[in-house]
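Structure file input-v8.txt with compact mmCIF, C-alpha atoms:
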```txt
# COMPACT_ATOMS: atom_id res chain seq x y z
CA MET A 155 -16.22 26.60 -10.29
CA PRO A 156 -16.18 27.94 -6.69
CA ARG A 157 -19.03 26.81 -4.48
CA PRO A 158 -21.35 29.47 -2.95
CA ARG A 159 -20.47 30.38 0.63
CA TRP A 160 -23.85 29.17 1.88
CA LEU A 161 -23.20 25.74 0.36
CA VAL A 162 -19.75 25.53 1.93
CA ALA A 163 -21.20 26.51 5.30
CA LEU A 164 -24.02 23.99 4.98
CA THR A 165 -21.54 21.24 4.09
CA CYS A 166 -19.41 22.08 7.13
CA LEU A 167 -22.44 22.11 9.43
CA THR A 168 -23.56 18.75 8.07
CA LEU A 169 -20.12 17.28 8.63
CA LEU A 170 -19.89 18.65 12.16
CA GLY A 171 -23.37 17.38 12.92
CA SER A 172 -22.44 13.92 11.73
CA LEU A 173 -19.34 13.89 13.90
CA ALA A 174 -21.25 15.15 16.92
CA ALA A 175 -23.84 12.46 16.46
CA GLY A 176 -21.16 9.82 16.21
CA GLN A 177 -22.16 9.09 12.62
CA PRO A 178 -19.81 8.31 9.71
CA ALA A 179 -18.36 11.45 8.17
CA SER A 180 -17.42 9.85 4.85
CA ALA A 181 -18.90 7.37 2.44
CA GLY A 182 -19.05 3.86 3.81
CA ARG A 183 -17.39 4.58 7.12
CA THR A 184 -19.06 2.90 10.07
CA THR A 185 -18.75 3.89 13.71
CA LEU A 186 -16.76 0.73 14.47
CA GLY A 187 -13.10 1.52 14.98
CA GLY A 188 -10.41 -1.06 14.39
CA ALA A 189 -9.00 -3.23 11.66
CA ASP A 190 -9.39 -6.49 9.75
CA PRO A 191 -13.13 -7.00 9.22
CA SER A 192 -14.47 -10.52 8.70
CA VAL A 193 -18.19 -10.89 7.98
CA ILE A 194 -20.31 -13.74 6.62
CA LYS A 195 -24.04 -14.16 6.11
CA VAL A 196 -25.92 -17.14 7.56
CA ASN A 197 -29.68 -17.51 7.07
CA GLY A 198 -30.18 -13.77 6.68
CA LEU A 199 -27.97 -12.87 9.65
CA TYR A 200 -24.68 -11.01 9.27
CA VAL A 201 -22.02 -12.43 11.57
CA SER A 202 -18.65 -10.76 12.19
CA ALA A 203 -15.51 -11.60 14.12
CA LYS A 204 -13.11 -9.02 15.54
CA SER A 205 -10.05 -8.94 17.74
CA VAL A 206 -10.93 -7.09 20.97
CA ASP A 207 -10.02 -7.09 24.65
CA GLY A 208 -7.29 -9.69 24.38
CA GLY A 209 -9.44 -12.17 22.48
CA VAL A 210 -12.19 -12.52 19.88
CA ALA A 211 -15.67 -11.00 19.83
CA VAL A 212 -18.60 -11.84 17.56
CA ARG A 213 -21.33 -9.40 16.51
CA THR A 214 -24.54 -10.31 14.71
CA ALA A 215 -27.00 -8.03 12.90
CA THR A 216 -29.78 -8.17 10.33
CA THR A 217 -27.99 -5.63 8.12
CA LEU A 218 -24.34 -5.25 7.20
CA ALA A 219 -24.17 -1.68 8.48
CA GLY A 220 -25.81 -2.85 11.71
CA ILE A 221 -22.70 -4.83 12.61
CA ALA A 222 -21.06 -1.60 13.78
CA THR A 223 -23.58 -0.95 16.55
CA ALA A 224 -24.45 -4.55 17.43
CA PRO A 225 -23.51 -5.79 20.92
CA LYS A 226 -20.18 -7.58 21.06
CA ASN A 227 -20.15 -11.11 22.41
CA GLN A 228 -16.72 -12.05 23.71
CA VAL A 229 -16.37 -15.68 22.60
CA TRP A 230 -12.72 -16.32 23.43
CA ARG A 231 -10.04 -14.77 25.65
CA ASP A 232 -6.32 -15.38 25.66
CA THR A 233 -6.16 -16.83 29.15
CA GLY A 234 -3.10 -18.91 28.21
CA GLY A 235 -0.85 -15.96 27.43
CA LEU A 236 -0.42 -16.66 23.72
CA GLY A 237 0.15 -12.97 22.97
CA GLU A 238 -1.29 -10.53 20.43
CA VAL A 239 -4.53 -11.71 18.82
CA TRP A 240 -4.87 -10.63 15.21
CA ALA A 241 -7.38 -10.71 12.38
CA PRO A 242 -10.01 -13.35 13.21
CA GLU A 243 -11.64 -14.92 10.13
CA ILE A 244 -15.06 -16.50 10.52
CA VAL A 245 -16.63 -19.18 8.30
CA HIS A 246 -19.53 -21.61 8.71
CA HIS A 247 -18.57 -25.14 7.71
CA ASP A 248 -19.84 -28.61 8.62
CA GLY A 249 -22.54 -27.10 10.82
CA GLN A 250 -20.05 -25.15 12.93
CA TYR A 251 -19.02 -21.53 13.15
CA ARG A 252 -15.24 -21.63 12.85
CA ILE A 253 -12.96 -18.72 13.69
CA TYR A 254 -9.32 -18.73 12.64
CA PHE A 255 -6.99 -16.15 14.14
CA ALA A 256 -3.31 -15.44 14.65
CA ALA A 257 -1.87 -15.24 18.14
CA GLY A 258 1.62 -14.81 19.47
CA THR A 259 4.37 -12.30 20.11
CA GLY A 260 6.97 -11.34 17.53
CA ALA A 261 8.20 -14.37 15.60
CA ALA A 262 5.89 -16.66 17.58
CA HIS A 263 2.67 -15.77 15.72
CA ARG A 264 0.82 -18.88 14.58
CA MET A 265 -2.72 -19.69 13.44
CA TYR A 266 -5.39 -20.98 15.86
CA HIS A 267 -8.97 -22.24 15.55
CA ILE A 268 -12.09 -22.20 17.72
CA SER A 269 -15.56 -23.50 16.82
CA SER A 270 -19.17 -23.55 18.02
CA ALA A 271 -22.65 -24.50 16.83
CA SER A 272 -23.78 -20.99 17.83
CA PRO A 273 -22.26 -17.76 16.50
CA THR A 274 -22.28 -15.93 19.82
CA GLY A 275 -21.10 -18.44 22.40
CA GLY A 276 -20.05 -21.93 23.35
CA TYR A 277 -16.78 -21.87 21.45
CA SER A 278 -14.15 -24.53 21.95
CA ALA A 279 -10.72 -23.97 23.41
CA ALA A 280 -8.17 -22.69 20.92
CA THR A 281 -6.36 -25.33 18.89
CA LYS A 282 -3.22 -24.54 16.93
CA VAL A 283 -3.60 -25.06 13.19
CA ALA A 284 -0.89 -27.49 12.07
CA LEU A 285 0.66 -25.71 9.09
CA PRO A 286 3.62 -27.14 7.15
CA ASN A 287 7.04 -25.98 8.35
CA ASP A 288 5.51 -24.29 11.42
CA LYS A 289 6.69 -20.78 10.52
CA TRP A 290 5.28 -17.35 11.43
CA ALA A 291 1.72 -17.21 10.07
CA ILE A 292 -1.18 -14.73 10.12
CA ASP A 293 -4.42 -13.96 8.26
CA GLY A 294 -5.30 -17.58 7.48
CA VAL A 295 -8.66 -18.62 6.02
CA PRO A 296 -9.97 -21.94 4.64
CA PHE A 297 -11.84 -22.45 1.38
CA THR A 298 -13.05 -25.31 -0.79
CA TYR A 299 -12.10 -25.46 -4.47
CA GLN A 300 -13.05 -28.32 -6.79
CA GLY A 301 -13.87 -30.56 -3.84
CA GLN A 302 -10.58 -30.00 -2.00
CA ARG A 303 -10.35 -27.99 1.22
CA TRP A 304 -7.44 -25.52 1.24
CA PHE A 305 -5.92 -23.04 3.67
CA VAL A 306 -4.36 -19.76 2.52
CA TRP A 307 -2.33 -17.46 4.78
CA SER A 308 0.42 -14.85 4.98
CA GLY A 309 3.75 -15.99 6.36
CA TRP A 310 7.51 -15.89 6.41
CA SER A 311 9.73 -18.14 4.36
CA GLY A 312 12.10 -18.63 7.30
CA ASP A 313 12.36 -17.45 10.89
CA THR A 314 13.07 -13.77 10.29
CA ASN A 315 10.90 -10.90 9.12
CA VAL A 316 12.23 -10.40 5.59
CA GLU A 317 8.94 -10.32 3.66
CA GLN A 318 5.42 -11.68 3.97
CA ASN A 319 4.39 -14.14 1.28
CA LEU A 320 1.10 -15.87 0.53
CA TYR A 321 1.01 -19.65 0.97
CA VAL A 322 -1.56 -22.40 0.38
CA ALA A 323 -1.77 -25.94 1.72
CA ARG A 324 -4.33 -28.72 1.45
CA MET A 325 -6.43 -29.37 4.55
CA SER A 326 -7.38 -32.78 5.92
CA SER A 327 -9.35 -31.43 8.91
CA PRO A 328 -10.31 -28.00 10.27
CA THR A 329 -6.99 -27.78 12.12
CA THR A 330 -4.68 -30.01 10.09
CA THR A 331 -3.02 -29.60 6.72
CA THR A 332 -1.53 -32.35 4.61
CA GLY A 333 1.51 -32.19 2.37
CA ALA A 334 3.69 -29.15 1.78
CA ARG A 335 3.00 -25.44 1.84
CA TYR A 336 3.22 -23.71 -1.52
CA VAL A 337 4.10 -20.06 -2.08
CA ILE A 338 1.70 -18.39 -4.52
CA SER A 339 2.68 -14.74 -4.22
CA GLN A 340 5.60 -12.63 -3.05
CA PRO A 341 5.77 -8.82 -2.87
CA ARG A 342 8.12 -8.37 -5.80
CA GLU A 343 6.29 -5.91 -8.07
CA PRO A 344 7.29 -2.20 -7.86
CA TRP A 345 3.76 -1.09 -7.00
CA GLU A 346 3.66 -3.44 -3.96
CA ARG A 347 7.08 -2.33 -2.74
CA VAL A 348 6.28 1.36 -2.26
CA VAL A 349 6.18 0.98 1.52
CA GLY A 350 8.00 -1.89 3.15
CA ASN A 351 10.48 -3.14 5.76
CA PRO A 352 9.10 -5.68 5.47
CA TYR A 353 7.34 -5.77 2.13
CA ILE A 354 4.05 -7.57 2.48
CA ASN A 355 1.41 -9.68 0.84
CA GLU A 356 -1.24 -10.35 3.50
CA ALA A 357 -4.95 -10.72 4.27
CA PRO A 358 -5.78 -13.15 1.42
CA GLN A 359 -9.47 -13.56 0.58
CA PRO A 360 -10.49 -16.32 -1.87
CA ILE A 361 -13.45 -15.92 -4.22
CA LEU A 362 -14.77 -17.50 -7.43
CA ASP A 363 -15.56 -15.38 -10.48
CA PRO A 364 -18.54 -15.96 -12.82
CA ASN A 365 -16.43 -18.33 -14.93
CA GLY A 366 -15.63 -20.44 -11.87
CA ARG A 367 -12.01 -19.31 -11.78
CA LEU A 368 -10.35 -18.91 -8.41
CA HIS A 369 -9.11 -15.51 -7.25
CA ILE A 370 -7.27 -14.55 -4.09
CA VAL A 371 -7.53 -10.83 -3.38
CA TYR A 372 -4.91 -9.63 -0.93
CA SER A 373 -3.44 -6.52 0.70
CA ALA A 374 -0.09 -5.05 -0.33
CA ASN A 375 2.23 -2.32 0.96
CA GLY A 376 2.64 -1.48 4.62
CA SER A 377 -0.56 -1.47 6.65
CA TRP A 378 0.88 1.46 8.57
CA SER A 379 0.64 3.74 5.51
CA SER A 380 -1.97 5.15 3.15
CA ARG A 381 -0.32 3.08 0.38
CA TYR A 382 -2.06 -0.02 1.72
CA CYS A 383 -4.20 -1.41 -1.10
CA LEU A 384 -5.93 -4.47 -2.57
CA ALA A 385 -4.56 -6.53 -5.47
CA ASP A 386 -5.73 -9.69 -7.23
CA LEU A 387 -4.32 -13.13 -7.95
CA ARG A 388 -6.24 -15.05 -10.64
CA LEU A 389 -5.70 -18.76 -11.22
CA ARG A 390 -5.46 -19.70 -14.88
CA ALA A 391 -8.27 -21.81 -16.32
CA GLY A 392 -7.61 -25.42 -15.30
CA GLY A 393 -4.75 -24.32 -13.07
CA ASP A 394 -3.34 -25.93 -9.94
CA PRO A 395 -3.68 -23.70 -6.83
CA SER A 396 -0.39 -25.07 -5.48
CA TYR A 397 1.66 -24.13 -8.56
CA VAL A 398 2.87 -20.55 -8.36
CA TRP A 399 3.14 -20.06 -12.13
CA ASP A 400 -0.53 -20.91 -12.62
CA TRP A 401 -1.35 -17.66 -10.82
CA TYR A 402 -1.50 -14.31 -12.61
CA LYS A 403 -1.17 -11.11 -10.59
CA SER A 404 -2.99 -7.88 -11.39
CA ASN A 405 -0.65 -5.27 -12.81
CA GLY A 406 -1.28 -2.90 -9.96
CA CYS A 407 -3.69 -2.47 -7.09
CA GLN A 408 -7.41 -2.63 -7.82
CA PHE A 409 -8.48 -0.65 -4.75
CA GLY A 410 -6.29 2.04 -3.26
CA SER A 411 -5.95 5.74 -2.58
CA HIS A 412 -2.92 6.52 -4.77
CA ALA A 413 -3.19 6.47 -8.57
CA SER A 414 0.50 5.64 -8.97
CA GLU A 415 0.00 2.15 -7.53
CA LEU A 416 -3.28 1.34 -9.27
CA MET A 417 -3.80 -0.85 -12.32
CA SER A 418 -4.45 1.13 -15.50
CA GLY A 419 -8.16 1.98 -15.73
CA TRP A 420 -8.75 1.89 -11.97
CA ASP A 421 -9.42 5.07 -10.01
CA PRO A 422 -8.19 6.06 -6.53
CA THR A 423 -10.56 6.33 -3.60
CA LEU A 424 -12.29 9.62 -2.84
CA HIS A 425 -13.09 9.28 0.86
CA ALA A 426 -10.87 6.58 2.40
CA ASP A 427 -7.09 6.33 2.66
CA GLY A 428 -5.26 3.03 2.55
CA PRO A 429 -8.19 0.62 2.10
CA GLY A 430 -7.21 -2.96 2.84
CA HIS A 431 -7.70 -6.20 4.72
CA HIS A 432 -11.17 -6.63 3.27
CA THR A 433 -13.83 -9.31 3.55
CA PHE A 434 -16.18 -10.55 0.85
CA VAL A 435 -19.55 -10.93 2.57
CA LEU A 436 -20.50 -14.38 1.28
CA GLU A 437 -23.15 -16.85 2.41
CA ARG A 438 -21.48 -18.95 5.13
CA GLY A 439 -18.14 -17.60 3.90
CA ASP A 440 -18.31 -20.16 1.09
CA ILE A 441 -16.68 -19.15 -2.19
CA ALA A 442 -19.16 -21.39 -4.05
CA THR A 443 -21.74 -18.65 -3.33
CA SER A 444 -19.62 -15.97 -5.04
CA PRO A 445 -21.78 -13.50 -7.00
CA PRO A 446 -22.51 -13.62 -10.73
CA SER A 447 -21.25 -11.22 -13.38
CA GLY A 448 -22.52 -7.67 -13.24
CA ASN A 449 -23.99 -7.80 -9.75
CA ARG A 450 -22.49 -5.59 -7.11
CA PHE A 451 -21.90 -7.43 -3.90
CA PRO A 452 -21.02 -6.28 -0.41
CA THR A 453 -17.58 -5.96 1.06
CA MET A 454 -16.09 -4.52 4.20
CA TYR A 455 -12.57 -3.21 4.60
CA HIS A 456 -10.63 -1.05 6.98
CA ALA A 457 -9.31 2.39 6.10
CA VAL A 458 -8.60 5.85 7.49
CA ALA A 459 -10.77 8.81 6.50
CA LYS A 460 -9.05 11.20 4.12
CA GLY A 461 -7.85 14.28 5.93
CA THR A 462 -7.08 12.23 9.05
CA PRO A 463 -3.49 11.28 9.96
CA TYR A 464 -2.87 7.71 8.82
CA SER A 465 -2.27 5.48 11.81
CA TRP A 466 -3.46 2.11 13.06
CA SER A 467 -5.45 3.84 15.80
CA ASN A 468 -7.43 5.85 13.21
CA ARG A 469 -8.70 2.84 11.26
CA TYR A 470 -12.41 2.12 10.95
CA TRP A 471 -14.50 -0.57 9.31
CA TYR A 472 -16.03 0.60 6.05
CA THR A 473 -18.85 -0.90 4.00
CA GLY A 474 -18.41 -1.01 0.25
CA THR A 475 -19.29 -2.91 -2.89
CA ALA A 476 -17.40 -4.78 -5.57
CA VAL A 477 -18.28 -5.83 -9.09
CA TRP A 478 -16.75 -8.32 -11.49
CA TRP A 479 -15.08 -6.54 -14.41
CA GLY A 480 -14.75 -8.57 -17.59
CA ASN A 481 -11.94 -8.94 -20.14
CA VAL A 482 -9.17 -7.79 -17.83
CA THR A 483 -5.69 -8.83 -18.97
CA TYR A 484 -2.87 -9.47 -16.51
CA ARG A 485 0.65 -9.47 -17.95
CA ARG A 486 3.92 -10.93 -16.71
CA ALA A 487 7.41 -11.62 -18.03
CA ASN A 488 10.42 -13.87 -17.49
CA VAL A 489 8.45 -16.71 -15.90
CA PRO A 490 7.16 -20.06 -17.17
CA GLY A 491 3.83 -20.20 -19.00
CA ALA A 492 1.88 -17.70 -21.05
CA THR A 493 2.80 -14.06 -20.57
CA THR A 494 -0.83 -12.84 -20.54
CA ASP A 495 -4.10 -14.06 -19.08
CA THR A 496 -7.51 -12.50 -19.67
CA GLY A 497 -10.56 -12.92 -17.47
CA PHE A 498 -12.52 -11.22 -14.73
CA GLY A 499 -10.98 -8.65 -12.42
CA LEU A 500 -12.61 -6.68 -9.62
CA LYS A 501 -13.57 -3.07 -9.22
CA PHE A 502 -14.33 -1.79 -5.75
CA PHE A 503 -16.60 1.10 -4.82
CA GLU A 504 -16.72 3.12 -1.61
```
Now that the file is in, can you turn its structure into structure tokens?
Amino acid sequence: MPRPRWLVALTCLTLLGSLAAGQPASAGRTTLGGADPSVIKVNGLYVSAKSVDGGVAVRTATTLAGIATAPKNQVWRDTGGLGEVWAPEIVHHDGQYRIYFAAGTGAAHRMYHISSASPTGGYSAATKVALPNDKWAIDGVPFTYQGQRWFVWSGWSGDTNVEQNLYVARMSSPTTTTGARYVISQPREPWERVVGNPYINEAPQPILDPNGRLHIVYSANGSWSSRYCLADLRLRAGGDPSYVWDWYKSNGCQFGSHASELMSGWDPTLHADGPGHHTFVLERGDIATSPPSGNRFPTMYHAVAKGTPYSWSNRYWYTGTAVWWGNVTYRRANVPGATTDTGFGLKFFE
């Protein structure tokens, strides 16, 4: 049914007023431009890390939305000429704020770590994270599962940019891994190969569901397109995180702006194009604090407002929510192990 002209005019005036005031023009959009949000909560304070000005900045606020307008505290600069600084991930572990980020140029990107007792200053010099095989690596984040500290990241199998896979390795210290790296996901499904060259699995975010099962939610399809989306890896009950066939992949994206790539029963976004590279806003960034069944919990992700040309320069941080969705079956074929696995999935809301 057509809307009355006065309502259309009022809607336009409201939108223009929001833009003029520098306020978000669509649901969840903050005024903070850029990509790759990382936010944790520590003692009631929201703490974020972001790549800015050739280094890393931290913002703190008493509300999640307040992160966007909080003063930025530059806590590290690339004075050593490492190169592009990408996607800082912040956690709070062993009494220290720890920020992991990728730095480098081209094939030289590797993971680095800085730490401090304070969120907004006093950080150490950058130390390279010693990952197995020492290949191109980005988007790394640590987590503890069943008493073992792990590191998960996106990387190349070899020395050329063929595809980005997800890998895990056991950690023996904040900057050292032990043993081999293990691939747990490759971009081989049709719905995650819509936009490529290279095809990508990146930005992994670990979380525990209400049954205590480990999930790694990641971004698929090219980040330079509106096909960018979030998908889920779910570890089978009693599974080994280092064994690829103990992981079950969602049969489509669970948060995206195109219905053709989404898992059956999931709806495309209304306001944001290409949502991806999200953060679960957990206490201290610890997956042991993952929310219980039924409760919506906060997320942040980057996206481009619908109606705006999709480009890296048009990305903003968005606030959103997620909820555990029960009895979700993931199916697979022609691999070892059971062909189906049922458990919790995730639904995301703008």
| task | Determine the nearest neighbour of A:Ser192 from the options A:Asn365, A:Asn315, A:Gln359, A:Thr223, counting all atoms listed in the file. | result |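 Among the listed residues, A:Gln359 lies closest to A:Ser192.
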As a compact mmCIF listing (two decimals) with C-alpha atoms, in the frame of the given file, please: the residues near stretch 275-283 of chain A (cut-off 8 Å, all atoms listed in the file, same-chain neighbours under 3 positions excluded).
```txt
# COMPACT_ATOMS: atom_id res chain seq x y z
CA ASN A 227 -20.15 -11.11 22.41
CA GLN A 228 -16.72 -12.05 23.71
CA VAL A 229 -16.37 -15.68 22.60
CA TRP A 230 -12.72 -16.32 23.43
CA ARG A 264 0.82 -18.88 14.58
CA MET A 265 -2.72 -19.69 13.44
CA TYR A 266 -5.39 -20.98 15.86
CA HIS A 267 -8.97 -22.24 15.55
CA ILE A 268 -12.09 -22.20 17.72
CA SER A 269 -15.56 -23.50 16.82
CA SER A 270 -19.17 -23.55 18.02
CA ALA A 271 -22.65 -24.50 16.83
CA SER A 272 -23.78 -20.99 17.83
CA PRO A 328 -10.31 -28.00 10.27
CA THR A 329 -6.99 -27.78 12.12
CA THR A 330 -4.68 -30.01 10.09
CA THR A 331 -3.02 -29.60 6.72
```
Dump as CSV the rows for residues of stretch 349-457 of chain A within 8 Å of stretch 241-262 of chain A: closest atom pair and distance in Å with one decimal, all atoms listed in the file counted, ordered by chain and rising residue number.
```
residue,atom,partner,partner_atom,distance
A:Arg438,CA,A:His246,CA,4.9
A:Gly439,CA,A:Val245,CA,4.9
A:Asp440,CA,A:Val245,CA,7.5
```
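Atom pair atom CA of A:Lys460 / atom CA of A:Ile194: separated by 27.5 Å.
Close contacts of stretch 393-401 of chain A, defined as residues with an atom at most 8 Å away when counting only C-alpha atoms, with chain neighbours fewer than 4 positions off set aside, comprise Val322, Ala323, Tyr336, Val337, Ile338, Ser339, Leu387, Arg388, Leu389, Val489, Pro490 and Gly491 of chain A.
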| Taking into account only C-alpha atoms, which residue in the set A:Thr443, A:Ser411, A:Thr462, A:Gln340 is nearest to A:Phe297? | A:Thr443
Taking all atoms of stretch 257-263 of chain A that the file lists, what box with edges along x, y and z, padded by 6 Å per side, do you get, with centre and edge lengths in Å to one decimal, as AutoDock Vina command-line options?
```
--center_x 3.2 --center_y -14.0 --center_z 17.9 --size_x 22.1 --size_y 17.3 --size_z 16.5
```
Step by step: locate stretch 310-355 of chain A in the block above, keep C-alpha atoms, then write the file as a PDB file, in the first residue's frame.
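The resulting file, part_34.pdb, is reproduced below:
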```
ATOM      1  CA  TRP A 310      47.683 -19.010   3.523  1.00  0.00           C
ATOM      2  CA  SER A 311      48.674 -22.616   3.054  1.00  0.00           C
ATOM      3  CA  GLY A 312      51.863 -21.606   1.234  1.00  0.00           C
ATOM      4  CA  ASP A 313      53.556 -18.386   0.176  1.00  0.00           C
ATOM      5  CA  THR A 314      51.082 -17.204  -2.452  1.00  0.00           C
ATOM      6  CA  ASN A 315      47.610 -15.722  -2.217  1.00  0.00           C
ATOM      7  CA  VAL A 316      45.506 -18.657  -3.424  1.00  0.00           C
ATOM      8  CA  GLU A 317      42.884 -18.759  -0.660  1.00  0.00           C
ATOM      9  CA  GLN A 318      42.552 -17.818   2.996  1.00  0.00           C
ATOM     10  CA  ASN A 319      41.963 -20.722   5.367  1.00  0.00           C
ATOM     11  CA  LEU A 320      41.272 -20.870   9.092  1.00  0.00           C
ATOM     12  CA  TYR A 321      43.948 -22.472  11.274  1.00  0.00           C
ATOM     13  CA  VAL A 322      44.301 -23.317  14.960  1.00  0.00           C
ATOM     14  CA  ALA A 323      47.367 -24.068  17.066  1.00  0.00           C
ATOM     15  CA  ARG A 324      47.952 -24.700  20.754  1.00  0.00           C
ATOM     16  CA  MET A 325      49.562 -21.856  22.705  1.00  0.00           C
ATOM     17  CA  SER A 326      52.269 -22.211  25.337  1.00  0.00           C
ATOM     18  CA  SER A 327      52.573 -18.468  26.057  1.00  0.00           C
ATOM     19  CA  PRO A 328      50.877 -15.273  24.851  1.00  0.00           C
ATOM     20  CA  THR A 329      53.276 -15.092  21.897  1.00  0.00           C
ATOM     21  CA  THR A 330      54.295 -18.705  21.346  1.00  0.00           C
ATOM     22  CA  THR A 331      52.487 -21.699  19.915  1.00  0.00           C
ATOM     23  CA  THR A 332      53.467 -25.325  20.330  1.00  0.00           C
ATOM     24  CA  GLY A 333      53.111 -28.142  17.841  1.00  0.00           C
ATOM     25  CA  ALA A 334      51.649 -27.876  14.366  1.00  0.00           C
ATOM     26  CA  ARG A 335      49.032 -25.625  12.845  1.00  0.00           C
ATOM     27  CA  TYR A 336      45.801 -27.343  11.852  1.00  0.00           C
ATOM     28  CA  VAL A 337      43.447 -26.224   9.105  1.00  0.00           C
ATOM     29  CA  ILE A 338      39.818 -26.235  10.261  1.00  0.00           C
ATOM     30  CA  SER A 339      38.058 -24.501   7.378  1.00  0.00           C
ATOM     31  CA  GLN A 340      38.640 -23.691   3.726  1.00  0.00           C
ATOM     32  CA  PRO A 341      36.382 -21.632   1.432  1.00  0.00           C
ATOM     33  CA  ARG A 342      35.114 -24.549  -0.618  1.00  0.00           C
ATOM     34  CA  GLU A 343      31.311 -24.256  -0.383  1.00  0.00           C
ATOM     35  CA  PRO A 344      29.471 -22.569  -3.303  1.00  0.00           C
ATOM     36  CA  TRP A 345      27.915 -19.922  -1.055  1.00  0.00           C
ATOM     37  CA  GLU A 346      31.368 -18.812   0.201  1.00  0.00           C
ATOM     38  CA  ARG A 347      32.821 -18.684  -3.313  1.00  0.00           C
ATOM     39  CA  VAL A 348      30.444 -16.079  -4.750  1.00  0.00           C
ATOM     40  CA  VAL A 349      33.126 -13.389  -4.638  1.00  0.00           C
ATOM     41  CA  GLY A 350      36.768 -14.379  -4.605  1.00  0.00           C
ATOM     42  CA  ASN A 351      40.256 -14.053  -6.076  1.00  0.00           C
ATOM     43  CA  PRO A 352      41.148 -15.039  -3.491  1.00  0.00           C
ATOM     44  CA  TYR A 353      38.319 -16.905  -1.824  1.00  0.00           C
ATOM     45  CA  ILE A 354      38.391 -16.259   1.884  1.00  0.00           C
ATOM     46  CA  ASN A 355      37.616 -17.537   5.332  1.00  0.00           C
TER      47      ASN A 355
END
```
